[in-house]
Structure formats: C-alpha cells, structure tokens
$ cat work02.cif   # mmCIF, C-alpha atoms, pLDDT in the B column; chains and numbers go by the auth columns
data_work
#
loop_
_atom_site.group_PDB
_atom_site.id
_atom_site.type_symbol
_atom_site.label_atom_id
_atom_site.label_comp_id
_atom_site.label_asym_id
_atom_site.label_seq_id
_atom_site.Cartn_x
_atom_site.Cartn_y
_atom_site.Cartn_z
_atom_site.B_iso_or_equiv
_atom_site.auth_seq_id
_atom_site.auth_asym_id
ATOM 1 C CA MET A 1 163.278 96.088 309.169 45.00 13 A
ATOM 2 C CA SER A 2 161.257 93.517 307.251 51.00 14 A
ATOM 3 C CA ILE A 3 162.990 91.265 304.760 47.00 15 A
ATOM 4 C CA PHE A 4 160.521 92.534 302.133 50.00 16 A
ATOM 5 C CA HIS A 5 162.003 96.009 302.379 54.00 17 A
ATOM 6 C CA LEU A 6 165.335 94.529 301.265 63.00 18 A
ATOM 7 C CA LYS A 7 163.889 92.988 298.089 74.00 19 A
ATOM 8 C CA PRO A 8 163.696 95.225 295.014 81.00 20 A
ATOM 9 C CA LEU A 9 160.168 96.519 294.374 81.00 21 A
ATOM 10 C CA ARG A 10 159.800 94.500 291.165 84.00 22 A
ATOM 11 C CA GLN A 11 160.321 91.281 293.141 85.00 23 A
ATOM 12 C CA GLN A 12 157.711 92.038 295.797 88.00 24 A
ATOM 13 C CA THR A 13 154.149 90.764 295.626 86.00 25 A
ATOM 14 C CA ASP A 14 151.285 93.149 294.996 85.00 26 A
ATOM 15 C CA GLU A 15 150.183 92.690 298.591 89.00 27 A
ATOM 16 C CA GLN A 16 153.653 93.525 299.917 89.00 28 A
ATOM 17 C CA LEU A 17 153.742 96.636 297.764 89.00 29 A
ATOM 18 C CA MET A 18 150.298 97.696 298.943 88.00 30 A
ATOM 19 C CA ALA A 19 151.317 97.224 302.577 89.00 31 A
ATOM 20 C CA ARG A 20 154.329 99.455 301.915 89.00 32 A
ATOM 21 C CA ALA A 21 152.137 102.002 300.097 89.00 33 A
ATOM 22 C CA ALA A 22 149.718 101.995 303.041 88.00 34 A
ATOM 23 C CA ALA A 23 152.689 102.784 305.277 87.00 35 A
ATOM 24 C CA GLY A 24 153.523 105.788 303.085 87.00 36 A
ATOM 25 C CA SER A 25 155.808 104.501 300.306 88.00 37 A
ATOM 26 C CA ASP A 26 155.014 106.348 297.089 89.00 38 A
ATOM 27 C CA THR A 27 157.564 104.272 295.164 91.00 39 A
ATOM 28 C CA ALA A 28 155.710 101.074 296.119 90.00 40 A
ATOM 29 C CA PHE A 29 152.447 102.621 294.896 90.00 41 A
ATOM 30 C CA GLU A 30 154.143 103.683 291.649 92.00 42 A
ATOM 31 C CA GLU A 31 155.201 100.057 291.099 93.00 43 A
ATOM 32 C CA LEU A 32 151.567 98.975 291.495 91.00 44 A
ATOM 33 C CA TYR A 33 150.590 101.631 288.974 94.00 45 A
ATOM 34 C CA ARG A 34 153.212 100.279 286.569 93.00 46 A
ATOM 35 C CA ARG A 35 151.830 96.746 286.984 92.00 47 A
ATOM 36 C CA TYR A 36 148.133 97.531 286.607 91.00 48 A
ATOM 37 C CA ALA A 37 147.600 100.761 284.641 92.00 49 A
ATOM 38 C CA ARG A 38 147.692 99.109 281.222 93.00 50 A
ATOM 39 C CA ARG A 39 145.325 96.276 282.214 92.00 51 A
ATOM 40 C CA LEU A 40 142.861 98.695 283.776 91.00 52 A
ATOM 41 C CA LYS A 41 142.982 101.030 280.795 92.00 53 A
ATOM 42 C CA GLY A 42 142.233 98.076 278.502 90.00 54 A
ATOM 43 C CA PHE A 43 139.347 97.049 280.737 89.00 55 A
ATOM 44 C CA PHE A 44 137.909 100.570 280.640 88.00 56 A
ATOM 45 C CA PHE A 45 138.458 100.850 276.891 88.00 57 A
ATOM 46 C CA MET A 46 136.328 97.737 276.370 85.00 58 A
ATOM 47 C CA GLN A 47 133.698 98.745 278.921 84.00 59 A
ATOM 48 C CA LEU A 48 133.321 102.404 278.020 82.00 60 A
ATOM 49 C CA GLY A 49 132.670 102.104 274.317 81.00 61 A
ATOM 50 C CA GLY A 50 136.217 102.242 272.983 84.00 62 A
ATOM 51 C CA ASP A 51 136.791 105.816 274.131 84.00 63 A
ATOM 52 C CA GLU A 52 140.544 105.995 274.785 89.00 64 A
ATOM 53 C CA GLU A 53 140.430 109.351 276.583 90.00 65 A
ATOM 54 C CA LEU A 54 137.606 108.199 278.849 89.00 66 A
ATOM 55 C CA ALA A 55 139.510 104.957 279.530 90.00 67 A
ATOM 56 C CA ALA A 56 142.634 106.927 280.487 92.00 68 A
ATOM 57 C CA ASP A 57 140.635 109.229 282.773 91.00 69 A
ATOM 58 C CA ALA A 58 138.921 106.277 284.447 91.00 70 A
ATOM 59 C CA THR A 59 142.270 104.519 284.946 92.00 71 A
ATOM 60 C CA HIS A 60 143.690 107.583 286.659 93.00 72 A
ATOM 61 C CA ASP A 61 140.528 107.772 288.772 92.00 73 A
ATOM 62 C CA VAL A 62 141.090 104.185 289.981 92.00 74 A
ATOM 63 C CA PHE A 63 144.595 104.989 291.121 91.00 75 A
ATOM 64 C CA LEU A 64 143.573 108.285 292.675 91.00 76 A
ATOM 65 C CA ARG A 65 140.892 106.503 294.703 92.00 77 A
ATOM 66 C CA ALA A 66 143.279 103.682 295.615 90.00 78 A
ATOM 67 C CA TYR A 67 145.949 106.192 296.662 90.00 79 A
ATOM 68 C CA GLU A 68 143.484 108.114 298.807 89.00 80 A
ATOM 69 C CA ALA A 69 142.295 104.852 300.419 87.00 81 A
ATOM 70 C CA ARG A 70 145.714 103.213 300.738 86.00 82 A
ATOM 71 C CA SER A 71 145.798 103.589 304.519 84.00 83 A
ATOM 72 C CA ARG A 72 142.500 101.656 304.727 85.00 84 A
ATOM 73 C CA TYR A 73 143.725 98.768 302.578 81.00 85 A
ATOM 74 C CA GLN A 74 142.866 95.472 304.282 80.00 86 A
ATOM 75 C CA GLU A 75 146.080 93.500 304.585 80.00 87 A
ATOM 76 C CA GLY A 76 145.811 90.136 302.868 78.00 88 A
ATOM 77 C CA ARG A 77 143.198 91.281 300.344 82.00 89 A
ATOM 78 C CA LYS A 78 144.251 90.638 296.764 88.00 90 A
ATOM 79 C CA VAL A 79 145.303 93.916 295.188 88.00 91 A
ATOM 80 C CA ASP A 80 144.043 93.048 291.697 87.00 92 A
ATOM 81 C CA THR A 81 140.588 92.274 293.118 88.00 93 A
ATOM 82 C CA TRP A 82 140.610 95.544 295.056 88.00 94 A
ATOM 83 C CA LEU A 83 141.626 97.620 292.008 91.00 95 A
ATOM 84 C CA PHE A 84 139.102 95.937 289.702 88.00 96 A
ATOM 85 C CA THR A 85 136.384 96.457 292.322 87.00 97 A
ATOM 86 C CA ILE A 86 137.121 100.175 292.162 90.00 98 A
ATOM 87 C CA ALA A 87 137.133 99.982 288.336 89.00 99 A
ATOM 88 C CA TYR A 88 133.833 98.102 288.284 87.00 100 A
ATOM 89 C CA ASN A 89 132.223 100.738 290.502 85.00 101 A
ATOM 90 C CA ILE A 90 133.496 103.512 288.236 87.00 102 A
ATOM 91 C CA CYS A 91 131.887 101.743 285.256 84.00 103 A
ATOM 92 C CA LYS A 92 128.611 101.317 287.146 81.00 104 A
ATOM 93 C CA ASN A 93 128.554 105.022 287.976 79.00 105 A
ATOM 94 C CA HIS A 94 129.304 105.891 284.366 80.00 106 A
ATOM 95 C CA TYR A 95 126.481 103.678 283.097 74.00 107 A
ATOM 96 C CA ARG A 96 124.016 105.149 285.567 70.00 108 A
ATOM 97 C CA SER A 97 124.881 108.710 284.706 67.00 109 A
ATOM 98 C CA ASN A 98 124.702 108.118 280.965 63.00 110 A
ATOM 99 C CA ALA A 99 121.852 105.609 280.773 56.00 111 A
ATOM 100 C CA TYR A 100 124.333 103.515 278.802 45.00 112 A
ATOM 101 C CA GLU A 101 123.026 100.178 280.028 48.00 113 A
ATOM 102 C CA ALA A 102 119.498 100.846 278.779 54.00 114 A
ATOM 103 C CA GLN A 103 120.816 101.600 275.289 54.00 115 A
ATOM 104 C CA LEU A 104 122.827 98.372 275.224 52.00 116 A
ATOM 105 C CA LEU A 105 119.869 96.297 276.388 53.00 117 A
ATOM 106 C CA ALA A 106 117.721 97.805 273.629 57.00 118 A
ATOM 107 C CA THR A 107 120.319 97.027 270.949 57.00 119 A
ATOM 108 C CA LEU A 108 120.645 93.438 272.151 54.00 120 A
ATOM 109 C CA ASP A 109 117.016 92.763 271.188 52.00 121 A
ATOM 110 C CA ALA A 110 117.502 94.085 267.650 51.00 122 A
ATOM 111 C CA GLU A 111 117.714 91.356 265.038 49.00 123 A
ATOM 112 C CA PRO A 112 120.731 91.411 262.728 48.00 124 A
ATOM 113 C CA MET A 113 119.987 92.116 259.076 39.00 125 A
ATOM 114 C CA SER A 114 120.323 88.807 257.268 36.00 126 A
ATOM 115 C CA SER A 115 120.288 90.526 253.850 34.00 127 A
ATOM 116 C CA GLN A 116 123.703 91.981 254.648 35.00 128 A
ATOM 117 C CA GLN A 117 125.283 88.598 255.293 36.00 129 A
ATOM 118 C CA ILE A 118 128.056 87.908 252.847 33.00 130 A
ATOM 119 C CA GLU A 119 129.415 84.445 252.210 35.00 131 A
ATOM 120 C CA VAL A 120 133.192 84.553 252.562 35.00 132 A
ATOM 121 C CA GLU A 121 135.777 82.200 253.870 33.00 133 A
ATOM 122 C CA LEU A 122 136.415 83.284 257.431 35.00 134 A
ATOM 123 C CA ASP A 123 139.785 83.340 259.019 46.00 135 A
ATOM 124 C CA ALA A 124 140.794 83.902 262.631 53.00 136 A
ATOM 125 C CA ALA A 125 140.863 87.696 262.195 53.00 137 A
ATOM 126 C CA ALA A 126 137.265 87.776 260.942 58.00 138 A
ATOM 127 C CA LEU A 127 136.118 85.632 263.864 62.00 139 A
ATOM 128 C CA ASP A 128 137.965 87.864 266.337 65.00 140 A
ATOM 129 C CA GLN A 129 136.321 90.921 264.826 68.00 141 A
ATOM 130 C CA ALA A 130 132.886 89.295 265.017 70.00 142 A
ATOM 131 C CA LEU A 131 133.480 88.267 268.637 74.00 143 A
ATOM 132 C CA GLU A 132 134.552 91.807 269.508 77.00 144 A
ATOM 133 C CA GLN A 133 131.326 93.146 268.019 78.00 145 A
ATOM 134 C CA VAL A 134 129.212 90.627 269.927 80.00 146 A
ATOM 135 C CA LEU A 135 130.977 91.577 273.155 80.00 147 A
ATOM 136 C CA ASN A 136 130.422 95.273 272.466 79.00 148 A
ATOM 137 C CA ASP A 137 126.705 94.586 271.937 82.00 149 A
ATOM 138 C CA LEU A 138 126.303 92.742 275.249 82.00 150 A
ATOM 139 C CA PRO A 139 124.543 94.472 278.144 86.00 151 A
ATOM 140 C CA ALA A 140 127.176 96.098 280.355 82.00 152 A
ATOM 141 C CA PRO A 141 126.821 93.689 283.324 84.00 153 A
ATOM 142 C CA LEU A 142 127.377 90.643 281.091 86.00 154 A
ATOM 143 C CA HIS A 143 130.255 92.260 279.219 85.00 155 A
ATOM 144 C CA GLN A 144 131.955 93.240 282.475 86.00 156 A
ATOM 145 C CA ILE A 145 131.731 89.779 283.992 88.00 157 A
ATOM 146 C CA PHE A 146 132.940 88.173 280.752 87.00 158 A
ATOM 147 C CA SER A 147 135.827 90.633 280.537 85.00 159 A
ATOM 148 C CA LEU A 148 136.857 90.217 284.175 87.00 160 A
ATOM 149 C CA HIS A 149 136.839 86.410 283.949 85.00 161 A
ATOM 150 C CA TYR A 150 138.027 85.610 280.432 83.00 162 A
ATOM 151 C CA GLN A 151 140.090 88.636 279.464 82.00 163 A
ATOM 152 C CA GLU A 152 141.500 89.735 282.810 81.00 164 A
ATOM 153 C CA GLU A 153 141.719 86.084 283.938 83.00 165 A
ATOM 154 C CA LEU A 154 140.225 86.691 287.362 85.00 166 A
ATOM 155 C CA THR A 155 138.669 83.738 289.166 88.00 167 A
ATOM 156 C CA ILE A 156 134.921 83.396 289.665 89.00 168 A
ATOM 157 C CA PRO A 157 135.284 84.177 293.419 91.00 169 A
ATOM 158 C CA GLN A 158 137.273 87.313 292.538 88.00 170 A
ATOM 159 C CA VAL A 159 134.674 88.420 289.987 88.00 171 A
ATOM 160 C CA ALA A 160 131.893 87.775 292.514 89.00 172 A
ATOM 161 C CA GLU A 161 133.689 89.938 295.063 88.00 173 A
ATOM 162 C CA ILE A 162 134.327 92.718 292.541 86.00 174 A
ATOM 163 C CA VAL A 163 130.755 92.976 291.296 86.00 175 A
ATOM 164 C CA GLY A 164 129.174 92.199 294.667 90.00 176 A
ATOM 165 C CA ILE A 165 127.074 89.202 293.637 89.00 177 A
ATOM 166 C CA PRO A 166 127.132 85.509 294.626 90.00 178 A
ATOM 167 C CA GLU A 167 129.469 83.133 292.765 88.00 179 A
ATOM 168 C CA GLY A 168 126.454 81.210 291.450 89.00 180 A
ATOM 169 C CA THR A 169 125.126 84.384 289.833 88.00 181 A
ATOM 170 C CA VAL A 170 128.516 84.997 288.199 88.00 182 A
ATOM 171 C CA LYS A 171 128.475 81.444 286.808 89.00 183 A
ATOM 172 C CA SER A 172 124.901 81.897 285.582 88.00 184 A
ATOM 173 C CA ARG A 173 125.728 85.192 283.860 87.00 185 A
ATOM 174 C CA LEU A 174 128.836 83.684 282.261 87.00 186 A
ATOM 175 C CA HIS A 175 126.708 80.797 280.992 87.00 187 A
ATOM 176 C CA LYS A 176 124.126 83.245 279.625 88.00 188 A
ATOM 177 C CA THR A 177 126.875 85.278 277.975 86.00 189 A
ATOM 178 C CA MET A 178 128.381 82.186 276.344 85.00 190 A
ATOM 179 C CA ASN A 179 124.939 81.225 275.004 85.00 191 A
ATOM 180 C CA ILE A 180 124.512 84.712 273.507 85.00 192 A
ATOM 181 C CA ILE A 181 127.974 84.489 271.941 83.00 193 A
ATOM 182 C CA ARG A 182 127.246 81.014 270.526 82.00 194 A
ATOM 183 C CA LYS A 183 123.929 82.211 269.089 83.00 195 A
ATOM 184 C CA LYS A 184 125.405 85.356 267.537 80.00 196 A
ATOM 185 C CA LEU A 185 128.407 83.482 266.121 75.00 197 A
ATOM 186 C CA LYS A 186 126.575 80.372 264.916 76.00 198 A
ATOM 187 C CA ASN A 187 127.396 81.269 261.303 67.00 199 A
ATOM 188 C CA TYR A 188 131.087 80.830 262.165 58.00 200 A
ATOM 189 C CA ALA A 189 130.675 77.345 263.686 60.00 201 A
ATOM 190 C CA ASN A 190 131.728 75.413 260.588 54.00 202 A
ATOM 191 C CA HIS A 191 134.716 77.589 259.710 48.00 203 A
#
$ encode --input "work02.cif" --output "structure tokens"
Amino acid sequence: MSIFHLKPLRQQTDEQLMARAAAGSDTAFEELYRRYARRLKGFFFMQLGGDEELAADATHDVFLRAYEARSRYQEGRKVDTWLFTIAYNICKNHYRSNAYEAQLLATLDAEPMSSQQIEVELDAAALDQALEQVLNDLPAPLHQIFSLHYQEELTIPQVAEIVGIPEGTVKSRLHKTMNIIRKKLKNYANH
C-alpha cells in the first residue's frame, strides 16, 4: 500500500487524488470536485455571459468528461491544467454553436457614447465595475486567456497548454488585452 493512501484525502495533492481516481476511487474524485467546482463555475460564469445555470451545467460537464476519462489521465500532468483544458474546449464549442465570438468582436469595434460620460469621483468599486464591463466586452479568446492567467492564476505555460497555442502567442494576446483595458479605462487613470 502506498503511503499516499494513508494520508487523508484533503492532504493529498491533486495529482495523487487523480491517480487514485484513475484507479477507481470515487471519494478521491469527489475531493477533486470539491476543490475545483467553484473555480470552474466562476470561470464559466465569466466566459458564458453571466448565465449561472449555463455555468453550472458546463461545470458538471467538465467533471463528467473528466470522470469518464479518468482512466486515461496522464500521470504527472497537472490536474488544474487538465480540468481547465476541458473547460476551455467546452467554451470553444459553446461559442461555435452560438456564434457568440462574432457578436463580441462586432461589439468591440463600437465606440462608446461620450455624451453619456458623467463626471464623478471614482472609487475602487466603480473601477471594478468598469473593468468587469471591459472584460465582458472583450472577444472570447482574449477574455479567456486573461481570465485563466490573471483570475485563475495559471502560469503562461499552463494557459498555452490549455488553449493549445504557443507561449509567445499567449504573451502577445495578454499584451493586446492589457492595451485594450488601458485604452477603455483611460478615464480612470487619474483617480
């Protein structure tokens, strides 16, 4: 018996839990669900237009797919990267089937109405709200990469693996995203 089987599930690494799940332990898989369901649901909520029901369904879909593929899990592969790769692919399929990406790209080119700008003293809450709106207006691929790196705190190599693009492309898209954010939030620069 491995020493890892003697440690309580909460003290085992994700990779140890996944190895146990691959060997047939449903309790190990349930611990992974406990660790990642909330993060994944938040990711989906941000990526799928704030639809809580759709986010919950997509989260369950990730774990269903992971459970069905657990015996094919590659030992040593980071579990969070594996789960977010599945999540990313679910988002891509959703965007394709709903032509969501085309709508977001079209709205990105629209100029904001300057006549509706109101001069008020901005606090942190107002800036957060403005940032959230800018992120929601980003094209899906840019929003996803931003979210994976800055909100989910995944490394650039992990993001590159999840979305299936070179690390340099991830860096370039993050740079482009930051430029868009700076441009859209330039009115907040002095506050």
$ residues_near_point --input "work02.cif" --point "(146.4, 92.0, 287.7)" --cutoff "9 Å" --atoms "only C-alpha atoms" --output "number ranges by chain"
A: 26, 47-48, 51-52, 91-93, 95-96, 164-166
$ write_last_selection --input "work02.cif" --atoms "C-alpha atoms" --output "mmCIF file, in the frame of the given file"
data_model
loop_
_atom_site.group_PDB
_atom_site.id
_atom_site.type_symbol
_atom_site.label_atom_id
_atom_site.label_comp_id
_atom_site.auth_asym_id
_atom_site.auth_seq_id
_atom_site.Cartn_x
_atom_site.Cartn_y
_atom_site.Cartn_z
ATOM 1 C CA ASP A 26 151.285 93.149 294.996
ATOM 2 C CA ARG A 47 151.830 96.746 286.984
ATOM 3 C CA TYR A 48 148.133 97.531 286.607
ATOM 4 C CA ARG A 51 145.325 96.276 282.214
ATOM 5 C CA LEU A 52 142.861 98.695 283.776
ATOM 6 C CA VAL A 91 145.303 93.916 295.188
ATOM 7 C CA ASP A 92 144.043 93.048 291.697
ATOM 8 C CA THR A 93 140.588 92.274 293.118
ATOM 9 C CA LEU A 95 141.626 97.620 292.008
ATOM 10 C CA PHE A 96 139.102 95.937 289.702
ATOM 11 C CA GLU A 164 141.500 89.735 282.810
ATOM 12 C CA GLU A 165 141.719 86.084 283.938
ATOM 13 C CA LEU A 166 140.225 86.691 287.362
#
$ resolve_selection --input "work02.cif" --expression "the PyMOL selection byres ((chain A and resi 74-77) around 12)" --output "VMD selection string"
chain A and resid 41 to 53 55 to 56 67 to 73 78 to 85 91 to 92 94 to 103
$ atom_distance --input "work02.cif" --atom1 "atom CA of A:Leu150" --atom2 "atom CA of A:Glu64"
19.5 Å
$ residues_around --input "work02.cif" --residues "A:Val171" --least-positions-apart "4" --cutoff "7 Å" --atoms "all atoms listed in the file" --output "list in words"
Ile157, Leu160, His161, Leu166, Thr167 and Val175 of chain A
$ atom_distance --input "work02.cif" --atom1 "atom CA of A:Pro169" --atom2 "atom CA of A:Gly62"
27.3 Å
$ resolve_selection --input "work02.cif" --expression "the PyMOL selection byres ((chain A and resi 154) around 12)" --output "ChimeraX atom specification"
/A:59,113,116-117,120,146-153,155-162,171,175,181-193
$ atom_distance --input "work02.cif" --atom1 "atom CA of A:Leu197" --atom2 "atom CA of A:Ala142"
7.4 Å
$ closest_residue --input "work02.cif" --among "A:Gly61, A:Glu87, A:Lys104, A:Gln170" --to "A:Gln28" --atoms "only C-alpha atoms"
A:Glu87
$ closest_residue --input "work02.cif" --among "A:Lys196, A:Leu29, A:Pro20, A:Lys90" --to "A:Ile174" --atoms "all atoms listed in the file"
A:Lys90
$ closest_residue --input "work02.cif" --among "A:Gln145, A:Ala40, A:Arg108, A:Gln163" --to "A:Lys19" --atoms "all atoms listed in the file"
A:Ala40
$ build_atoms --input "work02.cif" --residues "stretch 67-78 of chain A" --atoms "all heavy atoms" --output "CSV table (one decimal), keeping the file's coordinate frame"
chain,number,residue,atom,x,y,z
A,67,ALA,N,138.8,106.1,278.9
A,67,ALA,CA,139.5,105.0,279.5
A,67,ALA,C,140.7,105.4,280.3
A,67,ALA,O,140.9,105.0,281.5
A,67,ALA,CB,139.9,103.9,278.5
A,68,ALA,N,141.5,106.4,279.8
A,68,ALA,CA,142.6,106.9,280.5
A,68,ALA,C,142.2,107.7,281.7
A,68,ALA,O,142.8,107.5,282.8
A,68,ALA,CB,143.4,107.8,279.6
A,69,ASP,N,141.1,108.5,281.6
A,69,ASP,CA,140.6,109.2,282.8
A,69,ASP,C,140.2,108.3,283.9
A,69,ASP,O,140.4,108.5,285.1
A,69,ASP,CB,139.5,110.2,282.4
A,69,ASP,CG,140.0,111.4,281.5
A,69,ASP,OD1,141.2,111.6,281.5
A,69,ASP,OD2,139.1,112.0,280.9
A,70,ALA,N,139.4,107.2,283.5
A,70,ALA,CA,138.9,106.3,284.4
A,70,ALA,C,140.1,105.5,285.1
A,70,ALA,O,140.0,105.3,286.3
A,70,ALA,CB,138.0,105.3,283.8
A,71,THR,N,141.1,105.2,284.4
A,71,THR,CA,142.3,104.5,284.9
A,71,THR,C,142.9,105.4,286.0
A,71,THR,O,143.2,104.9,287.1
A,71,THR,CB,143.3,104.2,283.8
A,71,THR,OG1,142.6,103.3,282.9
A,71,THR,CG2,144.5,103.5,284.4
A,72,HIS,N,143.1,106.7,285.7
A,72,HIS,CA,143.7,107.6,286.7
A,72,HIS,C,142.8,107.7,287.9
A,72,HIS,O,143.3,107.8,289.0
A,72,HIS,CB,144.0,108.9,286.0
A,72,HIS,CG,145.1,108.9,285.0
A,72,HIS,ND1,146.4,108.6,285.3
A,72,HIS,CD2,145.1,109.1,283.7
A,72,HIS,CE1,147.1,108.6,284.3
A,72,HIS,NE2,146.3,108.9,283.2
A,73,ASP,N,141.5,107.7,287.7
A,73,ASP,CA,140.5,107.8,288.8
A,73,ASP,C,140.7,106.6,289.7
A,73,ASP,O,140.6,106.7,290.9
A,73,ASP,CB,139.1,107.9,288.2
A,73,ASP,CG,138.1,108.4,289.3
A,73,ASP,OD1,138.5,109.0,290.3
A,73,ASP,OD2,136.9,108.2,289.1
A,74,VAL,N,140.9,105.4,289.1
A,74,VAL,CA,141.1,104.2,290.0
A,74,VAL,C,142.3,104.4,290.9
A,74,VAL,O,142.2,104.2,292.1
A,74,VAL,CB,141.3,102.9,289.1
A,74,VAL,CG1,141.8,101.8,290.0
A,74,VAL,CG2,140.1,102.5,288.4
A,75,PHE,N,143.4,104.8,290.3
A,75,PHE,CA,144.6,105.0,291.1
A,75,PHE,C,144.5,106.2,292.1
A,75,PHE,O,145.1,106.1,293.2
A,75,PHE,CB,145.8,105.1,290.2
A,75,PHE,CG,146.2,103.8,289.6
A,75,PHE,CD1,145.9,103.4,288.3
A,75,PHE,CD2,146.8,102.8,290.4
A,75,PHE,CE1,146.2,102.2,287.8
A,75,PHE,CE2,147.1,101.5,289.9
A,75,PHE,CZ,146.8,101.2,288.6
A,76,LEU,N,143.8,107.2,291.7
A,76,LEU,CA,143.6,108.3,292.7
A,76,LEU,C,142.8,107.8,293.9
A,76,LEU,O,143.1,108.0,295.0
A,76,LEU,CB,142.8,109.4,292.0
A,76,LEU,CG,142.5,110.6,292.9
A,76,LEU,CD1,143.8,111.3,293.4
A,76,LEU,CD2,141.7,111.7,292.1
A,77,ARG,N,141.7,107.0,293.6
A,77,ARG,CA,140.9,106.5,294.7
A,77,ARG,C,141.7,105.5,295.5
A,77,ARG,O,141.6,105.5,296.8
A,77,ARG,CB,139.6,105.8,294.2
A,77,ARG,CG,138.6,106.8,293.6
A,77,ARG,CD,137.4,106.1,293.0
A,77,ARG,NE,136.6,107.0,292.3
A,77,ARG,CZ,135.3,106.8,291.9
A,77,ARG,NH1,134.8,105.6,292.2
A,77,ARG,NH2,134.6,107.7,291.2
A,78,ALA,N,142.5,104.7,294.9
A,78,ALA,CA,143.3,103.7,295.6
A,78,ALA,C,144.3,104.4,296.5
A,78,ALA,O,144.6,104.0,297.6
A,78,ALA,CB,143.9,102.7,294.6
